[in-house]
Amino acid sequence: MSLDLIIRGGTLYDGNGGAPFRADIGVSEGRVVELGIIPAGAARELDADGLAVVPGFVDLHTHYDGQATWDEELAPSIDHGVTTAVMGSCGVGFAPVRPTDHARLIELMEGVEDIPGTALHEGLDWRWTDVASYMEAVDRVPHTMDLLCQVPHDVLRYYVMGERAAAGLDSTEQDREQMRALLREALEAGAVGFSTGRTDNHRTARGAYTPASEASATELVALGSAFAGRDRGVLQAVSDFDMNRSYARFDAEFDLLEGMARAAGRPLSISTMQRDMAPGQWKQILGRVERATAAGLPMRVQVASRPIGVLLGLQASFHPFMGFPSYKAICTLPLAERVAILRRPEVKARLLSEQSEPIAGDGSAIPRMADDFLAALPLLSMRLFLLGQEPCYEPDLETAIGARAIAAGQHPLEAVYEAMLQDEGRALLYFPLFNYTDGNLDAVRTMLTHHLALPGLGDGGAHVGTICDASMGTWALQWWGRDRPTGRIPVARLVQQLSADVADFLGLRDRGRIGLGLRADLNVVDLERLAVGAPQLQADLPAGGRRLLQPARGYLATVVRGEVVRQEGEDTGARPGRVVRV
């Protein structure tokens, strides 16, 4: 057989979780057709001697819904070995849509996922109305990786209920039947599933609660019933389980999600993390998921491999002094000029004597969080770290900016100010928002190693100026597989989670493993050199929008459908990615 590609001499982690083994891989027409010693040649060969070869990673939780309509590369995910990504997470997206609702959906995505509205307004061409035509529009753009689409709950509500959805009103029986029919139609067109967002922290750009956050059990059951009789498709939910209102409401909220899953008869994944306000809630979620699964209702937990943290800095969406009058007076100046002014002793003294003015005039999510953060900054500086050029996502609390300041007899605010000006104002400060209640990642390890866990929550394409977590897969291999002093997780198991486990959950039987007849979605990796770099700000979104991208070291090649799309970290120009219809 004529081969298009041979990867020679690599150590294969095949995605099944077993011991690695040495073999050549022969690829023809996008699939693995030979494994072992391959004497014949091929049109192209990659030398993997001394390197690992792993399946391409499947990312369960991204927000490329807008970006995928104009961007071919889909960074940063492609830089971290992702070869298949799922969009439409958290109940937000861009289809189905009425022409009168374009701005409304942009406000929703901007508020919930911190994607600049100006970039979305310029980048989206809205050549679709329903989910089927949206998938066709995305598929017309050549991509480095494959994409799958979920149907977002908030968008369905807007489409059917209009202003009533924006006002938070309950759906009528007629509304529910129309939403159910639209969801069923999308599933028949190849959408991979349905997502809903039920957290008080998600707001539109105007500060309003998201349309689906208070949807009734009756509505969720009706939507779940759209899956009836289908042997494919999944559900996704993010919820804070009403922790801001009453801990006693946890079981009632979980019952609601369980009822939706029962009506669907399909697997449900639930975002799971350690929250400071309810530090034991993740254990409750695991307990309920275990009981549901034991009773025959398939559920999984989506978990992160590190803290879900906010990045602060002069170039980021948020930093600790953005509400101070002296900073607001210079905030529109170029970075270098701002840094020069802020380094003046008299400016520093004046600013640090001021009080922050409220930022959240419209109640929107990022400014609202900023006001809360600024109000408690001296205390929160005890968990605020300088990220540096070699990011550490499990830092010792003694290295926090506030802790070091107190040890040196310095006020924490002054130390934060000075840290922010490092690297000519490009320094990023890291605040672990979730998963760091105990000052370590022991709880994360428990979640990550649970038999019902799926890696997720990287939010590729979202929170572009505050979070840069699409690198979680790379960091999991680096930290949990190699560098953590204690409690390391076998690399073979981590690879299995990042590839086969997610592919199996989604019902993708043609990928996630290295095997004869399977898709040639592969990564050639130097595990000893593998690492994430410092996030860097780039102004490459439409309308000059800025985003943080985090580079990776150690990926020698990424192969999608048998074509090398990345080599030594550089784009090759190959675009084999398509929209996958299940």
# chains A, B, ... in the order shown; residues from 1 in each chain; ligands from 1
$ closest_atom_pairs --of "region 386-464 of chain A" --to "region 102-122 of chain A" --cutoff "12 Å" --atoms "only C-alpha atoms" --output "JSON lines"
{"residue": "A:Gly458", "atom": "CA", "partner": "A:Glu113", "partner_atom": "CA", "distance": 11.9}
{"residue": "A:Asp459", "atom": "CA", "partner": "A:Glu113", "partner_atom": "CA", "distance": 8.4}
{"residue": "A:Gly460", "atom": "CA", "partner": "A:Glu113", "partner_atom": "CA", "distance": 10.1}
{"residue": "A:Gly461", "atom": "CA", "partner": "A:Ile115", "partner_atom": "CA", "distance": 7.8}
{"residue": "A:Ala462", "atom": "CA", "partner": "A:Glu113", "partner_atom": "CA", "distance": 5.1}
{"residue": "A:His463", "atom": "CA", "partner": "A:Asp114", "partner_atom": "CA", "distance": 4.3}
{"residue": "A:Val464", "atom": "CA", "partner": "A:Ile115", "partner_atom": "CA", "distance": 6.0}
$ residues_around --residues "region 510-518 of chain A" --least-positions-apart "2" --cutoff "10 Å" --atoms "only C-alpha atoms" --output "NGL selection string"
:A and (12-17 or 25-28 or 30-35 or 53-58 or 83-84 or 495-504 or 507-508 or 520-522 or 561)
$ residues_around --residues "region 214-228 of chain A" --least-positions-apart "4" --cutoff "8 Å" --atoms "only C-alpha atoms" --output "NGL selection string"
:A and (168 or 170-171 or 176-177 or 179-181 or 183-184 or 187 or 198 or 233 or 256-257 or 259-266)
$ atom_distance --atom1 "CA of Phe324 (chain A)" --atom2 "CA of Ile406 (chain A)"
22.8 Å
$ atom_distance --atom1 "CA of Leu556 (chain A)" --atom2 "CA of Val82 (chain A)"
13.7 Å
$ atom_distance --atom1 "CA of Ala95 (chain A)" --atom2 "CA of Pro76 (chain A)"
23.5 Å
$ select_by_dssp --residues "region 4-187 of chain A" --states "strand (DSSP E or B)" --output "ChimeraX atom specification"
/A:5-12,21-28,31-36,44-47,52-55,57-59,62,82-87,143,146-152
$ write_last_selection --atoms "N, CA and C atoms" --output "compact mmCIF listing (two decimals), in the first residue's frame"
# COMPACT_ATOMS: atom_id res chain seq x y z
N LEU A 5 2.33 9.06 4.83
CA LEU A 5 3.13 9.53 5.95
C LEU A 5 3.57 8.34 6.78
N ILE A 6 4.82 8.37 7.21
CA ILE A 6 5.32 7.42 8.20
C ILE A 6 5.92 8.21 9.35
N ILE A 7 5.52 7.87 10.56
CA ILE A 7 6.15 8.40 11.77
C ILE A 7 7.00 7.27 12.32
N ARG A 8 8.32 7.44 12.29
CA ARG A 8 9.23 6.33 12.59
C ARG A 8 9.80 6.39 13.99
N GLY A 9 9.81 5.21 14.62
CA GLY A 9 10.58 5.00 15.83
C GLY A 9 10.06 5.66 17.08
N GLY A 10 8.82 6.07 17.09
CA GLY A 10 8.28 6.73 18.27
C GLY A 10 7.85 5.76 19.34
N THR A 11 7.73 6.26 20.56
CA THR A 11 7.17 5.50 21.67
C THR A 11 5.70 5.84 21.75
N LEU A 12 4.86 4.86 21.48
CA LEU A 12 3.43 5.12 21.33
C LEU A 12 2.68 4.98 22.65
N PHE A 21 4.72 1.59 23.86
CA PHE A 21 5.52 0.64 23.09
C PHE A 21 6.09 1.35 21.87
N ARG A 22 7.15 0.82 21.36
CA ARG A 22 7.85 1.44 20.23
C ARG A 22 7.29 0.86 18.92
N ALA A 23 6.99 1.73 17.98
CA ALA A 23 6.47 1.28 16.68
C ALA A 23 6.51 2.42 15.68
N ASP A 24 6.55 2.05 14.42
CA ASP A 24 6.32 3.01 13.33
C ASP A 24 4.82 3.10 13.08
N ILE A 25 4.40 4.21 12.54
CA ILE A 25 2.99 4.40 12.17
C ILE A 25 2.93 4.75 10.69
N GLY A 26 2.17 3.98 9.93
CA GLY A 26 1.97 4.25 8.52
C GLY A 26 0.58 4.81 8.28
N VAL A 27 0.51 5.90 7.52
CA VAL A 27 -0.75 6.61 7.30
C VAL A 27 -1.05 6.68 5.81
N SER A 28 -2.30 6.39 5.47
CA SER A 28 -2.76 6.54 4.10
C SER A 28 -4.18 7.05 4.10
N ARG A 31 -5.83 7.84 7.52
CA ARG A 31 -6.03 6.82 8.55
C ARG A 31 -4.74 6.03 8.79
N VAL A 32 -4.66 5.47 9.99
CA VAL A 32 -3.53 4.60 10.33
C VAL A 32 -3.76 3.25 9.67
N VAL A 33 -2.83 2.84 8.82
CA VAL A 33 -3.00 1.58 8.09
C VAL A 33 -1.90 0.57 8.42
N GLU A 34 -0.82 1.02 9.06
CA GLU A 34 0.24 0.09 9.46
C GLU A 34 0.79 0.51 10.81
N LEU A 35 1.10 -0.49 11.64
CA LEU A 35 1.76 -0.29 12.93
C LEU A 35 2.83 -1.36 13.08
N GLY A 36 4.00 -0.97 13.54
CA GLY A 36 5.08 -1.93 13.72
C GLY A 36 6.33 -1.42 13.04
N ARG A 44 6.05 11.31 2.88
CA ARG A 44 6.63 12.15 3.92
C ARG A 44 6.93 11.30 5.13
N GLU A 45 8.04 11.58 5.79
CA GLU A 45 8.41 10.83 6.99
C GLU A 45 8.77 11.80 8.11
N LEU A 46 8.41 11.41 9.33
CA LEU A 46 8.79 12.15 10.53
C LEU A 46 9.60 11.22 11.42
N ASP A 47 10.72 11.70 11.88
CA ASP A 47 11.58 10.93 12.79
C ASP A 47 11.14 11.18 14.22
N ALA A 52 7.66 10.73 22.09
CA ALA A 52 6.37 10.07 22.30
C ALA A 52 5.44 10.41 21.15
N VAL A 53 4.61 9.46 20.78
CA VAL A 53 3.54 9.70 19.81
C VAL A 53 2.23 9.38 20.52
N VAL A 54 1.34 10.36 20.56
CA VAL A 54 0.08 10.22 21.29
C VAL A 54 -1.07 10.60 20.36
N PRO A 55 -2.29 10.15 20.66
CA PRO A 55 -3.42 10.58 19.85
C PRO A 55 -3.63 12.09 19.95
N PHE A 57 -5.59 15.33 20.85
CA PHE A 57 -6.46 15.55 22.01
C PHE A 57 -7.84 16.04 21.55
N VAL A 58 -8.85 15.64 22.32
CA VAL A 58 -10.23 16.05 22.04
C VAL A 58 -10.66 16.98 23.17
N ASP A 59 -10.93 18.23 22.84
CA ASP A 59 -11.27 19.24 23.84
C ASP A 59 -12.79 19.34 23.95
N THR A 62 -15.00 24.29 24.56
CA THR A 62 -14.42 25.50 23.98
C THR A 62 -15.53 26.47 23.59
N VAL A 82 -4.54 19.87 20.42
CA VAL A 82 -5.96 19.59 20.22
C VAL A 82 -6.22 19.41 18.73
N THR A 83 -6.86 18.31 18.37
CA THR A 83 -7.20 18.05 16.97
C THR A 83 -8.70 17.97 16.73
N THR A 84 -9.48 17.94 17.82
CA THR A 84 -10.95 17.99 17.73
C THR A 84 -11.45 18.82 18.90
N ALA A 85 -12.35 19.79 18.61
CA ALA A 85 -12.84 20.66 19.67
C ALA A 85 -14.36 20.77 19.59
N VAL A 86 -14.99 20.85 20.76
CA VAL A 86 -16.44 20.99 20.87
C VAL A 86 -16.78 22.44 21.22
N MET A 87 -17.67 23.05 20.42
CA MET A 87 -18.09 24.43 20.65
C MET A 87 -19.51 24.44 21.25
N HIS A 143 -9.96 24.71 8.32
CA HIS A 143 -9.44 24.76 9.68
C HIS A 143 -8.32 23.75 9.89
N ASP A 146 -10.74 19.53 13.59
CA ASP A 146 -12.16 19.24 13.47
C ASP A 146 -12.94 19.96 14.57
N LEU A 147 -14.20 20.27 14.27
CA LEU A 147 -15.07 20.98 15.20
C LEU A 147 -16.41 20.27 15.31
N LEU A 148 -16.97 20.27 16.52
CA LEU A 148 -18.32 19.78 16.75
C LEU A 148 -19.14 20.89 17.39
N CYS A 149 -20.43 20.92 17.09
CA CYS A 149 -21.30 21.99 17.56
C CYS A 149 -22.35 21.45 18.53
N GLN A 150 -22.51 22.14 19.65
CA GLN A 150 -23.62 21.90 20.55
C GLN A 150 -24.68 22.99 20.33
N VAL A 151 -25.91 22.68 20.71
CA VAL A 151 -26.99 23.65 20.61
C VAL A 151 -27.11 24.35 21.96
N PRO A 152 -26.94 25.69 22.00
CA PRO A 152 -26.93 26.40 23.28
C PRO A 152 -28.33 26.78 23.75
$ select_by_dssp --residues "region 124-214 of chain A" --states "alpha helix (DSSP H)" --output "VMD selection string"
chain A and resid 131 to 139 153 to 161 163 to 166 173 to 188
$ write_last_selection --atoms "C-alpha atoms" --output "compact mmCIF listing (two decimals), in the first residue's frame"
# COMPACT_ATOMS: atom_id res chain seq x y z
CA VAL A 131 -27.93 25.32 13.39
CA ALA A 132 -27.60 23.37 10.13
CA SER A 133 -26.73 26.48 8.11
CA TYR A 134 -24.38 27.64 10.90
CA MET A 135 -22.46 24.35 10.67
CA GLU A 136 -22.30 24.77 6.90
CA ALA A 137 -20.92 28.31 7.31
CA VAL A 138 -18.23 27.09 9.72
CA ASP A 139 -17.41 24.19 7.41
CA HIS A 153 -29.89 26.81 25.61
CA ASP A 154 -29.70 30.61 25.93
CA VAL A 155 -29.76 31.00 22.17
CA LEU A 156 -32.74 28.68 21.78
CA ARG A 157 -34.63 30.74 24.34
CA TYR A 158 -33.86 34.01 22.58
CA TYR A 159 -34.91 32.55 19.24
CA VAL A 160 -38.25 31.29 20.50
CA MET A 161 -39.15 33.72 23.29
CA GLU A 163 -37.93 39.72 24.84
CA ARG A 164 -39.62 37.32 27.24
CA ALA A 165 -36.39 35.32 27.43
CA ALA A 166 -34.41 38.49 28.12
CA GLU A 173 -45.96 24.93 26.66
CA GLN A 174 -45.89 26.26 23.10
CA ASP A 175 -42.41 27.77 23.68
CA ARG A 176 -41.13 24.47 25.02
CA GLU A 177 -42.48 22.49 22.10
CA GLN A 178 -40.87 24.88 19.62
CA MET A 179 -37.51 24.72 21.42
CA ARG A 180 -37.72 20.95 21.59
CA ALA A 181 -38.45 20.76 17.85
CA LEU A 182 -35.57 23.10 16.99
CA LEU A 183 -33.17 21.08 19.15
CA ARG A 184 -34.31 17.84 17.54
CA GLU A 185 -33.86 19.35 14.09
CA ALA A 186 -30.32 20.43 14.98
CA LEU A 187 -29.46 17.00 16.35
CA GLU A 188 -30.75 15.39 13.16
$ residues_around --residues "region 451-457 of chain A" --least-positions-apart "2" --cutoff "9 Å" --atoms "only C-alpha atoms" --output "ChimeraX atom specification"
/A:59-62,269,271-272,286,289-290,299-305,308,447-449,459-460,469-470,472-473,497-498,501-502,505
